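Contents: one structure, followed by commentary.
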Amino acid sequence: MAGFHLQAYESALAERLIAATANHEPLCLRGGGTKDFYGNAPRGTVLDLPALTNATPAELLAAVEYEPSELVVTAPAVLPLAVLEALLAAQGQMLAFEPPRFAVGGTVGGCVAAGLAGPRRRSAGPMHGGLRDFVLGARLVDGRGRALAFGGRVMKNVAGYDLSRVLAGSLGVLGAITEVSLKVLPVPFEETTLVQECTEEEGLALVNGWAGQPLPVSATAWEHGKLRLRLSGAIAAVSAAVARLGGERLPDAVAAPWWDALRDQQLPYFSSNAPLWRLALPPAAPPVGLDGPQLIEWSGAQRWLKSLLPASVVREHVTTLGGHATAFRVHDRSDASTPDAFTPLAPALLAIHRRLKAEFDPAGVLNPGRLYPEL
Amino acid sequence: MTASQPVIAPTAALATCLAALRARFTSSQLLVAEEDTRPYECDGLTLHRQLPRAVLLPGNEAEVAAALSICAKHGVPVVPRGAGTGLSGGATPHTEGVVLSLARLNSFIGIDAVACTATVQPGVRNLSISEAAAPYGLYYAPDPSSQVACTIGGNVAENSGGVHCLKYGLTLHNVLRVRALTMEGEVVEFGGLAPDAPGLDLLALVIGSEGMLAVITEVTVRLVPVPQLARCLMASFATVTAAGDAVAALIAAGLIPAGLEMIDQAGIRLVEPFAHAGYDMNAAAVLLCEADGTATEVAEDIERMSVVLRAAGATRVQVSSSEQERLRFWAGRKNAFPAAGRAAPAYYCMDGTIPRKHLGAMLTAIQGMEQEFGLSCPNVFHAGDGNLHPLILFDDGDPDSVQRAEAFGAAILEASVRFGGTITGEHGVGLEKLDAMCAQFGMAELGVFHAVKHAFDPTGLLNPGKAVPQLHRCAELGGMRVRAGQLPFADLPRF
């Protein structure tokens, strides 16, 4: 069958998921397979979602609905993320949450299911959001084989519970996303990167100070005594901020690839054998003081830590600071001592999670354990 | 149309529940006399009224928890309420239940100027958050037009918008954390002070859940720096289509205005005599387009915007030259509802959202409906978001006029869905749009919504009957639509 037909794809998927539910056969839903490292270890038969469609990237691209003046794009979940990003770039627009790609071959659906955002998170003005803030609608097929549509293709929509945003970061435990509608934003007119030497404490004080002022900050990153600051926006706004803040200006040819490498975790910092922790914190939290090198982003709200400390030590400390710690990249998850990827939930929250899971996946066969052992 | 219903005698369950509540709460916290409960019979949707059996006014979280567990124990429904400014009947009392007002939980827990957050109780008014944050050069961005009166708890329940959503987002984008109680009175926290929380994003479900999933007792919002300057452009257009195209052209040029509002000719003629905003009475539509930021940034944006608007065929473009003039430009738009209130005995404000490209076609369709239903309908809308607020003018003393107004509203919502949009952009479903939900969602999705409610509130006692229609209601409605365009038995109770 030539081309991509959403309904045919959803029917094929529904048939497969109904069978898995009937046979209690655990499935590992997979898009491009670029994020197998994330979450708890995948279990079950791999269900290669793009392979179910038989469609080429060009055929998938033909199924995308995109009108730049609406700031909305609707794409099949199995579309390669790189194809979508190229389509937007050609119109001077972008995914403002700068999803990390980690490797070549990721899909739009995998990007949404992982729910991760890149350096632009927590920046000034309109671009402060995480991935879920840009999700307008989604379709999925759940474990009962139902093709469901939530949200829509418009900016404002309060009809029905906001389930499309719950799919962001759900790691496939509720179903396979088949289509998403995302809000997109124009690429800023101007982008400049400044760099200065400072300690961790000085860096945190600086980024926290900037966050409370009308400055066009679009990313911050502190690592190994160096603080990089990206400014984006109207030409006048960026040049005024550069004049006011000072610091050494990085040439664009150096800065742009550096931010991309940070986004995709290709910087030397990320190549290490020590477990990589992602600490999500209130931005004004003090230096965490845990043993291991750090890379601090998002005005202090996202701190990467390479550390051999026991998981319980990292988790307890980060929790006392008002945040949570994710074992983001662990080299050998087959080891029995491997910590759960995510901070455990309070009992009342876990109870709600379990009831939601039971509705979408009554047999518990969709990505079992990937998010939490109980789901 | 649900008219005021007669007061019915308390059922046995409600009577024992009220006795238990009386033992726990003072007479100033538990209102039962009609003269005290009458103000709670409706919210901003005055078409639906129901005198509550009792109104509870707890003063802190522990009292809210006590009230909930007493009601849960007796199986009595609870309708949470903020300031009662909602426009969809989300706070309309339940015939067998009690109203739980969160108005007295109105304290500031604290403002953290470094983290740029404010933590407040649900009864704190929207505007007062910005007032309290002003000394730090910060404010809370979402600004529904009721912001003087509406509370943050109600904003979270409805996922309220405002005129600055295009650039600054909805309530959803500006709330970090919600502390709430389940129907059983158990504390549960959604989101947090970090940029995300572990697990599924239940905060996204709670925001906009119309008081059906949990009762909010504390909210942490994100504050943003107050822009140094804001200036507003006012542009006239000869046709609504040209104005709609100008909106698309602004976005296509890479501009994200802080506010982008449109008023059609009927709207202009409605508000201008009332607000004296200086609107062009001969224009088919006026666009208000605001830039904010530093002085240099605003100057650059205003220049770009002017060029785009002129190229898009604006017949007149004015730029505010002072803060006073900017506020005057906005005075017309912001006074559209009171102006409608003066122009007719009553008005019915709709809230559909459509893809912007269909604005012209939608307005043409509404003009056709004005003829069909014999009522006039000026339009004001958040053009940047495609969120329309048609104001159907009618006579609430004339049952025929009321019926035509409701049919007109339903036709607008159906057109919104047909154009690929939604039945509600920012006002919520409540009781008002239960039937329209049947047009927007299939049975499977509606079934999932009921399951979501059950996952949070297995008792089903929190604000029952709102936001999600019962499946058999949609089935019956579908059948009736096939037989006739007009709904028979329009006076049957809705649930």
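In the structure tokens, each chain is lettered A, B, ... as it comes, each chain's residues begin at 1, and ligands are numbered from 1 in order of appearance.
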
Worksheet item: Residues of chain A within 6 Å of chain B, using only C-alpha atoms, as a VMD selection string?
Response: chain A and resid 69 126 154 to 159 161 to 162 166 170 186 212 to 214 236 to 237 280 to 284 323 352 355 to 356

Please write the residues from the selection above to a file, keeping C-alpha atoms, as an mmCIF file, in the first residue's frame.
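result-v2.cif written:
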```cif
data_model
loop_
_atom_site.group_PDB
_atom_site.id
_atom_site.type_symbol
_atom_site.label_atom_id
_atom_site.label_comp_id
_atom_site.auth_asym_id
_atom_site.auth_seq_id
_atom_site.Cartn_x
_atom_site.Cartn_y
_atom_site.Cartn_z
ATOM 1 C CA SER A 69 0.685 31.239 10.021
ATOM 2 C CA PRO A 126 7.069 33.105 25.278
ATOM 3 C CA VAL A 154 -5.954 25.200 18.226
ATOM 4 C CA MET A 155 -4.047 27.237 20.813
ATOM 5 C CA LYS A 156 -6.792 27.358 23.385
ATOM 6 C CA ASN A 157 -8.924 24.376 24.176
ATOM 7 C CA VAL A 158 -10.436 23.488 27.525
ATOM 8 C CA ALA A 159 -12.973 20.893 26.350
ATOM 9 C CA TYR A 161 -9.548 16.619 30.448
ATOM 10 C CA ASP A 162 -6.165 17.468 28.986
ATOM 11 C CA VAL A 166 -0.470 13.570 29.911
ATOM 12 C CA SER A 170 4.261 8.906 29.565
ATOM 13 C CA PRO A 186 9.297 31.528 14.934
ATOM 14 C CA GLY A 212 13.869 38.018 37.417
ATOM 15 C CA GLN A 213 14.713 40.722 34.900
ATOM 16 C CA PRO A 214 13.281 41.503 31.462
ATOM 17 C CA ALA A 236 17.586 45.530 19.541
ATOM 18 C CA ALA A 237 16.764 43.493 22.638
ATOM 19 C CA ALA A 280 15.285 18.698 38.582
ATOM 20 C CA LEU A 281 15.331 21.429 41.227
ATOM 21 C CA PRO A 282 13.739 24.711 42.181
ATOM 22 C CA PRO A 283 16.010 27.065 40.201
ATOM 23 C CA ALA A 284 17.117 28.972 43.293
ATOM 24 C CA GLY A 323 13.368 18.487 43.608
ATOM 25 C CA ILE A 352 -4.222 7.566 40.650
ATOM 26 C CA ARG A 355 -6.236 3.509 38.023
ATOM 27 C CA LEU A 356 -5.320 5.484 34.879
#
```

Worksheet entry | region 264-266 of chain A environment, 7 Å, only C-alpha atoms, sequence neighbours closer than 3 positions dropped, as a PyMOL selection string | chain A and resi 100-102+260-261+270

Fill in: Those in region 104-164 of chain B with strand (DSSP E) from DSSP, as JSON, numbers by chain
{"B": [108, 109, 110, 111, 112, 117, 118, 119, 120, 138, 139]}

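The space between CA of Leu95 (chain A) and CA of Val187 (chain A) spans 9.0 Å.
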
Worksheet item: How many Å lie between CA of Ser236 (chain B) and CA of Phe329 (chain B), rounded to one decimal?
Response: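 Here the two named atoms are 12.5 Å from each other.
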
Item to complete: Please identify all polymer residues within 7 Å of region 107-123 of chain A, counting only C-alpha atoms, omitting same-chain residues fewer than 2 positions from it, and present them as a PyMOL selection string.
Response: chain A and resi 31-32+77-81+96-100+105+125+127-132+167-172+177+217-219+263+297-298

Item to complete: For Phe373 (chain B), work out the shell of residues within 10 Å, counting only C-alpha atoms and skipping chain neighbours fewer than 5 positions away, then give it as a list of chain:residue names.
Response: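 Here the answer would be B:Gly368, B:Ser401, B:Gln403, B:Arg404, B:Ala405, B:Glu406, B:Ala407, B:Phe408, B:Ala411.
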
Worksheet entry | Test item, helix (DSSP H, G or I) assignment across region 95-306 of chain B, answer as a PyMOL selection string | chain B and resi 126-136+152-158+165-168+171-174+202-206+240-252+265-275+295-306
